[in-house]
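S.K.: Got a structure here, written out as structure tokens. Questions coming.
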Amino acid sequence: MSESFIPRLGHTVWQTIPRLGAATLLLFSGLFAVTHRHFSFSQWLRQTYGLGVLSLLLMIVAALFTGMVLAFQGYYALVRFGATSALGTLVALSLLRELGPVLTALLFAGRAGSALTAEIGSMKATEQLSAMEMMAVNPIAWVLAPRLWGGIVAVPILCVIFDLIGIYGGYLVAVPVLGVNGGTFWAQMQSSISFQGDILNGLFKALCFGLVVTWIAVWQGFSARPTAEGVGEATTRSVVMASLAVLGLDFILTALLF
Amino acid sequence: MANSDLIHITNLHFARGEHAVLSGIDLRVAPGSVVAIMGASGGGKTTLLNLIAGTLRPLQGEILVHGRNLATLSSAELYDLRRRMGMLFQHSALFTDLTAFENVAFPLRRHFRLPEDLLRKIVLLKLEAVGLRGAADLFPAELSGGMSRRVALARAVVMDPLLILYDEPFTGLDPISVGIIASLIRRLNDALGASSIVVSHDVQETFSIADYGYILAGGKIIAEGTPEMLRADPSPLAQQFLRGEPEGPVPFHYPARGSFAASLGVPS
Amino acid sequence: MSQRSVDWWVGIFVLLGIAALTVLALRVGNLSGFRYENGYILHATFNNVGSLKVRSPVKLGGVSIGEVTKIQLDPKTFLADVTMRIDPKIKLPVDTGASIYTEGLLGEQFIAIQPGGMPQDLQPGATITLTQGAVNIDQMIGQMVFNKASGTGPSVSTTS
């Protein structure tokens with residue numbers, strides 16, 4: 001078994017390269033399909049609704065709890081140094097730079113990305129995509145592009161809302177519960193958060209994550225084996241790959257941006 | 001004669017990896033006719049349909065549709081050509097998020113900007129032709145198998161195609177629905193002045209509506225002719241298929257190594 | 001879901017996003033810092049600015065009256081030159097002093113202004129020279145330990 005490991009690894013790599021190529025081509029044809037005559041603005045709105053608006057409640061609840069936990073956790077670390085006045089900064093900075101974009105993207109992958117993969121995969125399994133092609137309607141323009149752009153638009157918006165709700169969640173715990181001075185909480189935050197360096201860079205991260213998560217979801221859907229098990233497998237793979245990609249990409253982006 | 005054929009296929013080869021799916025197919029479809037392609041499961045029938053529709057590219061040989069070689073067409077030209085084709089899929093392939101009406105209207109909405117009342121007339125006309133005008137507002141999940149197949153048929157012909165392709169139109173339907181679909185295939189073909197290709201392994205129903213038939217086995221055409229000619233075909237392979245016999249040139253046993261006794265460990 | 005209500009919801013969604021970004025910018029980020037935009041400029045020279053940063057607050061009696069906009073080193077005198085923007089409503093006498101203090105033991109550093117008593121006011125662009133730089137805690141502790149060892153008592157003298 002051990003001597004067959006290297007050839008097997010080589011085989012896997014050899015298979016991965018053309019698949020990466022195909023996925024990249026799919027991404028670009030999807031991105032540029034907005035100019036195609038079968039691209040529909042109302043389909044894009046529908047997808048933005050399905051991916052964004054319908055994820056909103058989940059994001060708000062998750063953000064509230066994240067902010068509250070951050071405030072508790074941060075308080076007990078800071079109180080030892082008598083530096084609880086920095087709690088606002090700690091909550092805001094953690095959310096804006098890391099937790100906001102990353103958690104938004106992970107939740108999005110779990111809720112919207114998996115649904116996208118399952119939807120496209122079952123469209124493929126029931127020959128709906130082939131039927132579309134036979135009716136001379138381009139599935140890239142009609143199915144893929146509105147979903148891809150829907151995800152790219154929805155994730156940064158969800159992330160801004162996540163950031164804000166999270167900071168207010170932190171405030172709710174810090175000021176009334178832990179007794180941190182409200183004025184200090186905001187003032188310290190304001191003096192150390194930079195709009196461009198922290199807020200906009202965080203949103204840029206969210207934009208990248210939105211692209212990658214949606215890309216992986218639609219790609220897995222399009223390349224799913226056209227059977228019920230195939231769609232199930234693709235859905236699982238979509239969530240796992242998207243989550244790992246978000247965490248890996250986060251490392252790279254943090255190193256580059258901050 | 002050759003140039004007036006709607007479809008003219010010469011010496012077509014196709015393979016998936018090492019495995020040859022089709023080898024040396026010659027096939028012609030005359031305008032206005034219903035042509036049946038029959039054969040056992042896995043015999044390459046659906047592959048042949050996909051090659052005619054241009055969703056697969058042949059390894060060798062040429063496919064002329066309407067006198068145009070598919071291999072030389074750009075993808076835009078191929079899309080244009082497909083607007084003159086309709087296809088009925090094995091699983092109906094209706095869009096599950098649209099009503100029967102919107103499913104039939106889908107190709108029209110994508111390709112033309114028709115006034116809503118004209119579009120409504122065309123769609124209801126086609127639904128009426130398959131007897132399902134009353135089901136216009138139902139979603140695919142609310143339709144029976146036979147009804148979805150008929151809605152899909154209405155969708156396949158809504159653009160008044162010159163060529164209609166049927167992939168296993170009778171599979172999984174009750175006998176009444178099979179009869180309805182068979183008569184619809186013939187009637188729509190004649191009413192539209194189109195040609196049809198029916199891929200099926202259902203011998204009786206297919207012969208009842210086909211003008212000409214091909215029997216495909218092992219990636220080759222083993223017999224062709226009118227239904228009467230095929231029934232009288234001397235080839236044992238064709239006879240085994242048409243009569244549905246378990247033993248014949250296609251063996252019952254999948255090839256196995258050694259004797260049955262040996263694989264049970266019985267000393268010979 | 002009709003197309004019309006989809007339009008509405010997506011519109012609301014986008015507006016929510018813009019609103020959240022605006023609140024973040026004003027309440028959390030430094031865009032609200034532009035409140036000193038029409039303030040006047042003052043300079044102050046220090047021998048040591050410690051960890052003072054651009055955007056650090058300038059306070060008088062604990063109340064913010066401005067912020068630091070620039071910190072650079074004067075190549076001739078080797079002193080740090082700090083540029084501040086001060087609220088135009090606050091006029092400071094010419095003998096005003098400035099010190100760099102730390103909020104708490106480990107908090108952020110800020111400039112504390114000690115107003116003088118002269119009748120003339122500092123003009124925009126003027127430099128405060130009565131300054132006390134940042135306290136170096138390392139040095140302080142070192143001195144304390146040294147003083148103790150040499151028996152002169154625990155008195156702490158600040159370096160300035």
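Just so we're on the same page: first chain in the structure tokens is A, next is B, and so on; residues restart at 1 for each chain, and ligands are numbered from 1 in the order they show up.
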Near chain C, which residues of chain A fall within 7 Å when you count only C-alpha atoms, and what do they look like as an mmCIF file with C-alpha atoms, in the first residue's frame?
M.R.:
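Below is the file that was written, selection-v9.cif:
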```cif
data_model
loop_
_atom_site.group_PDB
_atom_site.id
_atom_site.type_symbol
_atom_site.label_atom_id
_atom_site.label_comp_id
_atom_site.auth_asym_id
_atom_site.auth_seq_id
_atom_site.Cartn_x
_atom_site.Cartn_y
_atom_site.Cartn_z
ATOM 1 C CA LEU A 45 -32.904 39.975 -8.161
ATOM 2 C CA ARG A 46 -34.634 36.696 -7.360
ATOM 3 C CA THR A 48 -30.178 38.049 -4.425
ATOM 4 C CA TYR A 49 -33.446 37.673 -2.550
ATOM 5 C CA VAL A 53 -32.671 38.429 2.198
ATOM 6 C CA ALA A 83 -7.916 47.911 30.589
ATOM 7 C CA ILE A 157 -24.154 43.382 2.510
ATOM 8 C CA VAL A 160 -21.885 44.899 7.032
ATOM 9 C CA ILE A 161 -25.096 44.031 8.829
ATOM 10 C CA LEU A 164 -23.005 46.323 13.045
ATOM 11 C CA MET A 189 -13.554 52.292 19.488
ATOM 12 C CA GLN A 190 -13.709 55.456 17.439
ATOM 13 C CA SER A 191 -10.194 56.513 18.241
ATOM 14 C CA ILE A 193 -10.859 51.980 14.233
ATOM 15 C CA SER A 194 -10.036 53.310 10.812
ATOM 16 C CA PHE A 195 -12.771 53.405 8.187
#
```
S.K.: Up to 8 Å from chain A, what residues of chain B turn up? Count only C-alpha atoms and give them as a PyMOL selection string.
M.R.: chain B and resi 53+79-80+82-83+85-87+89+91-95+107+110+156
S.K.: From the DSSP assignment of the backbone, select every residue of stretch 28-77 of chain C that is strand (DSSP E or B), and format the answer as a list of chain:residue names.
M.R.: C:Tyr40, C:Ile41, C:Leu42, C:His43, C:Ala44, C:Thr45, C:Phe46, C:Pro57, C:Val58, C:Lys59, C:Leu60, C:Val63, C:Ser64, C:Ile65, C:Gly66, C:Glu67, C:Val68, C:Thr69, C:Lys70, C:Ile71, C:Gln72, C:Leu73
S.K.: For the residues in the current selection, export C-alpha atoms as a compact mmCIF listing (two decimals), in the first residue's frame.
M.R.:
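Below is the file part_19.txt, written as the result:
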```
# COMPACT_ATOMS: atom_id res chain seq x y z
CA TYR C 40 -7.11 75.39 13.81
CA ILE C 41 -3.61 73.98 13.78
CA LEU C 42 -1.24 74.06 16.74
CA HIS C 43 2.20 72.51 17.06
CA ALA C 44 3.95 71.14 20.10
CA THR C 45 7.49 69.82 20.40
CA PHE C 46 8.30 66.92 22.70
CA PRO C 57 -7.11 62.78 21.36
CA VAL C 58 -6.10 66.21 22.69
CA LYS C 59 -7.80 66.86 26.02
CA LEU C 60 -8.28 69.77 28.35
CA VAL C 63 -12.60 66.74 27.67
CA SER C 64 -11.57 66.16 24.05
CA ILE C 65 -10.91 69.43 22.27
CA GLY C 66 -8.98 68.15 19.27
CA GLU C 67 -6.84 65.42 17.81
CA VAL C 68 -3.31 64.72 16.62
CA THR C 69 -3.03 64.95 12.84
CA LYS C 70 0.67 64.50 12.22
CA ILE C 71 3.83 63.43 14.07
CA GLN C 72 7.27 64.04 12.63
CA LEU C 73 10.83 64.56 13.75
```
S.K.: Mind listing the helix (DSSP H, G or I) residues of chain C, per DSSP on the backbone, as a ChimeraX atom specification?
M.R.: /C:3-28,30-36,137-149
S.K.: Output N, CA and C atoms for every residue in that selection, as a CSV table (one decimal), in the first residue's frame.
M.R.:
```csv
chain,number,residue,atom,x,y,z
C,3,GLN,N,-42.7,38.8,-8.5
C,3,GLN,CA,-41.5,39.5,-8.9
C,3,GLN,C,-41.5,40.9,-8.1
C,4,ARG,N,-42.7,41.4,-8.0
C,4,ARG,CA,-42.8,42.8,-7.4
C,4,ARG,C,-42.3,42.8,-5.9
C,5,SER,N,-42.7,41.7,-5.1
C,5,SER,CA,-42.3,41.7,-3.8
C,5,SER,C,-40.8,41.4,-3.7
C,6,VAL,N,-40.3,40.6,-4.6
C,6,VAL,CA,-38.8,40.3,-4.7
C,6,VAL,C,-38.1,41.6,-4.8
C,7,ASP,N,-38.6,42.5,-5.8
C,7,ASP,CA,-37.9,43.8,-6.0
C,7,ASP,C,-37.9,44.6,-4.7
C,8,TRP,N,-39.0,44.6,-4.0
C,8,TRP,CA,-39.1,45.4,-2.8
C,8,TRP,C,-38.1,44.9,-1.7
C,9,TRP,N,-38.1,43.5,-1.5
C,9,TRP,CA,-37.2,43.0,-0.5
C,9,TRP,C,-35.7,43.2,-0.8
C,10,VAL,N,-35.4,43.0,-2.1
C,10,VAL,CA,-34.0,43.3,-2.4
C,10,VAL,C,-33.6,44.7,-2.3
C,11,GLY,N,-34.5,45.6,-2.6
C,11,GLY,CA,-34.3,47.0,-2.4
C,11,GLY,C,-34.1,47.3,-0.9
C,12,ILE,N,-34.9,46.8,-0.1
C,12,ILE,CA,-34.8,47.0,1.4
C,12,ILE,C,-33.5,46.4,1.9
C,13,PHE,N,-33.1,45.3,1.4
C,13,PHE,CA,-31.9,44.6,1.7
C,13,PHE,C,-30.7,45.5,1.4
C,14,VAL,N,-30.6,46.0,0.2
C,14,VAL,CA,-29.5,46.9,-0.2
C,14,VAL,C,-29.5,48.2,0.7
C,15,LEU,N,-30.7,48.7,0.9
C,15,LEU,CA,-30.7,49.9,1.8
C,15,LEU,C,-30.2,49.6,3.2
C,16,LEU,N,-30.6,48.5,3.7
C,16,LEU,CA,-30.1,48.1,5.0
C,16,LEU,C,-28.6,48.0,5.1
C,17,GLY,N,-28.0,47.4,4.0
C,17,GLY,CA,-26.6,47.4,3.9
C,17,GLY,C,-26.0,48.7,3.9
C,18,ILE,N,-26.5,49.7,3.1
C,18,ILE,CA,-26.0,51.0,3.1
C,18,ILE,C,-26.1,51.7,4.4
C,19,ALA,N,-27.3,51.5,5.0
C,19,ALA,CA,-27.5,52.1,6.3
C,19,ALA,C,-26.5,51.6,7.4
C,20,ALA,N,-26.3,50.3,7.3
C,20,ALA,CA,-25.3,49.7,8.3
C,20,ALA,C,-23.9,50.2,8.1
C,21,LEU,N,-23.6,50.4,6.8
C,21,LEU,CA,-22.2,50.9,6.5
C,21,LEU,C,-22.1,52.3,7.0
C,22,THR,N,-23.2,53.1,6.8
C,22,THR,CA,-23.1,54.5,7.3
C,22,THR,C,-23.0,54.6,8.8
C,23,VAL,N,-23.7,53.8,9.5
C,23,VAL,CA,-23.7,53.8,10.9
C,23,VAL,C,-22.3,53.3,11.4
C,24,LEU,N,-21.7,52.3,10.7
C,24,LEU,CA,-20.4,51.8,11.1
C,24,LEU,C,-19.4,53.0,10.9
C,25,ALA,N,-19.5,53.7,9.7
C,25,ALA,CA,-18.6,54.7,9.4
C,25,ALA,C,-18.6,55.8,10.4
C,26,LEU,N,-19.8,56.2,10.8
C,26,LEU,CA,-19.9,57.4,11.7
C,26,LEU,C,-19.7,57.0,13.2
C,27,ARG,N,-20.3,55.8,13.6
C,27,ARG,CA,-20.3,55.5,15.0
C,27,ARG,C,-19.1,54.8,15.4
C,28,VAL,N,-18.5,53.9,14.5
C,28,VAL,CA,-17.4,53.1,14.9
C,28,VAL,C,-16.1,53.5,14.3
C,30,ASN,N,-13.6,56.2,11.9
C,30,ASN,CA,-13.1,57.5,12.2
C,30,ASN,C,-13.6,58.6,11.3
C,31,LEU,N,-14.7,58.2,10.5
C,31,LEU,CA,-15.2,59.3,9.6
C,31,LEU,C,-15.9,60.4,10.4
C,32,SER,N,-16.3,60.0,11.7
C,32,SER,CA,-16.9,61.0,12.5
C,32,SER,C,-15.8,61.9,13.1
C,33,GLY,N,-14.6,61.5,12.9
C,33,GLY,CA,-13.5,62.3,13.4
C,33,GLY,C,-13.3,63.7,12.7
C,34,PHE,N,-14.1,63.8,11.6
C,34,PHE,CA,-14.0,65.0,10.8
C,34,PHE,C,-14.6,66.2,11.5
C,35,ARG,N,-15.1,65.9,12.8
C,35,ARG,CA,-15.7,67.1,13.5
C,35,ARG,C,-14.7,68.2,13.8
C,36,TYR,N,-13.4,67.8,13.8
C,36,TYR,CA,-12.3,68.8,14.0
C,36,TYR,C,-11.8,69.4,12.7
C,137,ILE,N,7.9,54.1,31.3
C,137,ILE,CA,7.7,53.3,32.5
C,137,ILE,C,8.9,52.4,32.8
C,138,ASP,N,9.6,51.9,31.8
C,138,ASP,CA,10.8,51.1,32.1
C,138,ASP,C,11.8,51.8,32.9
C,139,GLN,N,12.0,53.1,32.4
C,139,GLN,CA,13.0,53.9,33.1
C,139,GLN,C,12.6,54.3,34.5
C,140,MET,N,11.3,54.5,34.6
C,140,MET,CA,10.8,54.8,36.0
C,140,MET,C,11.0,53.7,36.9
C,141,ILE,N,10.7,52.5,36.5
C,141,ILE,CA,10.9,51.4,37.4
C,141,ILE,C,12.4,51.2,37.7
C,142,GLY,N,13.2,51.3,36.7
C,142,GLY,CA,14.6,51.2,36.9
C,142,GLY,C,15.2,52.2,37.9
C,143,GLN,N,14.7,53.4,37.8
C,143,GLN,CA,15.1,54.5,38.7
C,143,GLN,C,14.7,54.1,40.2
C,144,MET,N,13.4,53.6,40.3
C,144,MET,CA,12.9,53.3,41.6
C,144,MET,C,13.8,52.3,42.2
C,145,VAL,N,14.1,51.2,41.5
C,145,VAL,CA,14.9,50.1,42.0
C,145,VAL,C,16.3,50.7,42.4
C,146,PHE,N,16.8,51.5,41.6
C,146,PHE,CA,18.2,52.1,41.8
C,146,PHE,C,18.2,52.9,43.1
C,147,ASN,N,17.1,53.8,43.2
C,147,ASN,CA,17.0,54.6,44.4
C,147,ASN,C,16.9,53.8,45.7
C,148,LYS,N,16.1,52.8,45.6
C,148,LYS,CA,15.9,51.9,46.8
C,148,LYS,C,17.2,51.3,47.2
C,149,ALA,N,18.0,50.8,46.2
C,149,ALA,CA,19.2,50.1,46.5
C,149,ALA,C,20.2,51.1,47.1
```
S.K.: Write out as a VMD selection string the residues lying within 12 Å of B:Gln239, counting only C-alpha atoms and excluding same-chain residues fewer than 5 positions away.
M.R.: chain B and resid 39 203 215 222 to 223 229 to 234 244 to 250
S.K.: Suppose we keep all heavy atoms; can you now write the selection as a compact mmCIF listing (two decimals), in the first residue's frame?
M.R.:
```
# COMPACT_ATOMS: atom_id res chain seq x y z
N GLY B 39 -32.92 -0.51 -29.73
CA GLY B 39 -31.77 -1.28 -29.32
C GLY B 39 -31.82 -1.51 -27.83
O GLY B 39 -32.60 -0.87 -27.12
N VAL B 203 -40.76 -2.07 -28.59
CA VAL B 203 -40.88 -2.44 -30.00
C VAL B 203 -42.29 -2.19 -30.56
O VAL B 203 -42.44 -1.52 -31.59
CB VAL B 203 -40.50 -3.92 -30.20
CG1 VAL B 203 -40.71 -4.33 -31.64
CG2 VAL B 203 -39.07 -4.16 -29.78
N ILE B 215 -32.05 -0.75 -35.99
CA ILE B 215 -31.78 -1.48 -34.75
C ILE B 215 -30.29 -1.36 -34.46
O ILE B 215 -29.44 -1.66 -35.31
CB ILE B 215 -32.21 -2.95 -34.84
CG1 ILE B 215 -33.74 -3.03 -35.06
CG2 ILE B 215 -31.84 -3.69 -33.55
CD1 ILE B 215 -34.26 -4.42 -35.18
N ILE B 222 -27.46 -2.96 -36.90
CA ILE B 222 -27.50 -4.36 -37.36
C ILE B 222 -28.67 -4.61 -38.31
O ILE B 222 -28.68 -5.60 -39.02
CB ILE B 222 -27.56 -5.35 -36.18
CG1 ILE B 222 -28.77 -5.03 -35.28
CG2 ILE B 222 -26.26 -5.33 -35.39
CD1 ILE B 222 -29.21 -6.20 -34.46
N ALA B 223 -29.64 -3.73 -38.33
CA ALA B 223 -30.75 -3.91 -39.26
C ALA B 223 -31.43 -2.58 -39.47
O ALA B 223 -31.44 -1.73 -38.58
CB ALA B 223 -31.75 -4.93 -38.70
N MET B 229 -40.25 -4.74 -42.90
CA MET B 229 -38.96 -5.30 -43.31
C MET B 229 -38.18 -5.78 -42.09
O MET B 229 -37.55 -6.83 -42.09
CB MET B 229 -38.13 -4.24 -44.06
CG MET B 229 -38.61 -3.98 -45.47
SD MET B 229 -38.01 -2.37 -46.05
CE MET B 229 -36.26 -2.70 -46.19
N LEU B 230 -38.25 -5.00 -41.00
CA LEU B 230 -37.48 -5.36 -39.80
C LEU B 230 -38.01 -6.64 -39.17
O LEU B 230 -37.24 -7.48 -38.71
CB LEU B 230 -37.53 -4.23 -38.77
CG LEU B 230 -36.63 -3.03 -39.08
CD1 LEU B 230 -36.88 -1.91 -38.08
CD2 LEU B 230 -35.16 -3.45 -39.04
N ARG B 231 -39.34 -6.75 -39.16
CA ARG B 231 -39.92 -7.95 -38.56
C ARG B 231 -39.46 -9.19 -39.31
O ARG B 231 -39.32 -10.27 -38.73
CB ARG B 231 -41.45 -7.88 -38.60
CG ARG B 231 -42.01 -6.96 -37.52
CD ARG B 231 -43.40 -7.38 -37.12
NE ARG B 231 -43.88 -6.60 -35.98
CZ ARG B 231 -44.52 -5.44 -36.10
NH1 ARG B 231 -44.80 -4.94 -37.29
NH2 ARG B 231 -44.90 -4.79 -35.02
N ALA B 232 -39.22 -9.03 -40.64
CA ALA B 232 -38.83 -10.18 -41.46
C ALA B 232 -37.31 -10.30 -41.57
O ALA B 232 -36.81 -11.14 -42.32
CB ALA B 232 -39.45 -10.04 -42.85
N ASP B 233 -36.59 -9.45 -40.83
CA ASP B 233 -35.13 -9.45 -40.97
C ASP B 233 -34.55 -10.79 -40.53
O ASP B 233 -34.93 -11.32 -39.47
CB ASP B 233 -34.52 -8.33 -40.13
CG ASP B 233 -33.09 -8.05 -40.50
OD1 ASP B 233 -32.19 -8.75 -39.96
OD2 ASP B 233 -32.85 -7.16 -41.34
N PRO B 234 -33.64 -11.35 -41.33
CA PRO B 234 -33.13 -12.68 -41.00
C PRO B 234 -32.09 -12.67 -39.88
O PRO B 234 -31.82 -13.71 -39.28
CB PRO B 234 -32.50 -13.14 -42.31
CG PRO B 234 -32.13 -11.89 -43.01
CD PRO B 234 -33.13 -10.85 -42.62
N GLY B 244 -37.80 -10.37 -27.98
CA GLY B 244 -37.51 -10.32 -26.54
C GLY B 244 -37.14 -11.66 -25.96
O GLY B 244 -37.58 -12.03 -24.87
N GLU B 245 -36.28 -12.44 -26.69
CA GLU B 245 -35.88 -13.74 -26.16
C GLU B 245 -34.67 -13.61 -25.24
O GLU B 245 -33.76 -12.84 -25.53
CB GLU B 245 -35.54 -14.69 -27.33
CG GLU B 245 -36.79 -15.13 -28.06
CD GLU B 245 -36.50 -15.58 -29.49
OE1 GLU B 245 -35.35 -15.42 -29.95
OE2 GLU B 245 -37.44 -16.07 -30.13
N PRO B 246 -34.64 -14.36 -24.14
CA PRO B 246 -33.52 -14.24 -23.20
C PRO B 246 -32.21 -14.81 -23.74
O PRO B 246 -31.13 -14.32 -23.38
CB PRO B 246 -33.99 -15.03 -21.97
CG PRO B 246 -35.07 -15.92 -22.45
CD PRO B 246 -35.70 -15.26 -23.64
N GLU B 247 -32.27 -15.84 -24.57
CA GLU B 247 -31.04 -16.41 -25.11
C GLU B 247 -30.95 -16.13 -26.60
O GLU B 247 -31.96 -16.10 -27.31
CB GLU B 247 -30.99 -17.93 -24.86
CG GLU B 247 -30.50 -18.32 -23.47
CD GLU B 247 -29.05 -17.95 -23.18
OE1 GLU B 247 -28.34 -17.46 -24.08
OE2 GLU B 247 -28.64 -18.12 -22.01
N GLY B 248 -29.74 -15.97 -27.09
CA GLY B 248 -29.54 -15.68 -28.51
C GLY B 248 -28.14 -15.19 -28.69
O GLY B 248 -27.26 -15.46 -27.85
N PRO B 249 -27.91 -14.39 -29.74
CA PRO B 249 -26.55 -13.85 -29.95
C PRO B 249 -26.12 -12.99 -28.76
O PRO B 249 -24.94 -12.92 -28.44
CB PRO B 249 -26.70 -13.01 -31.21
CG PRO B 249 -27.90 -13.55 -31.90
CD PRO B 249 -28.82 -14.06 -30.83
N VAL B 250 -27.08 -12.30 -28.10
CA VAL B 250 -26.74 -11.60 -26.86
C VAL B 250 -26.90 -12.62 -25.74
O VAL B 250 -28.01 -13.07 -25.46
CB VAL B 250 -27.67 -10.40 -26.61
CG1 VAL B 250 -27.34 -9.74 -25.28
CG2 VAL B 250 -27.57 -9.41 -27.74
```
S.K.: Go through B:Leu12, B:Ala152, B:Leu237, B:Leu98 one by one, measure the shortest atom-to-atom distance of each to chain C using only C-alpha atoms, and give the residue with the smallest value.
M.R.: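 Nearest candidate to chain C out of B:Leu12, B:Ala152, B:Leu237, B:Leu98: B:Leu98.
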S.K.: Looking at only C-alpha atoms, which of B:Glu18, B:Asp97, B:Ile197, B:Gly54 is the one that sits closest to chain C?
M.R.: B:Asp97
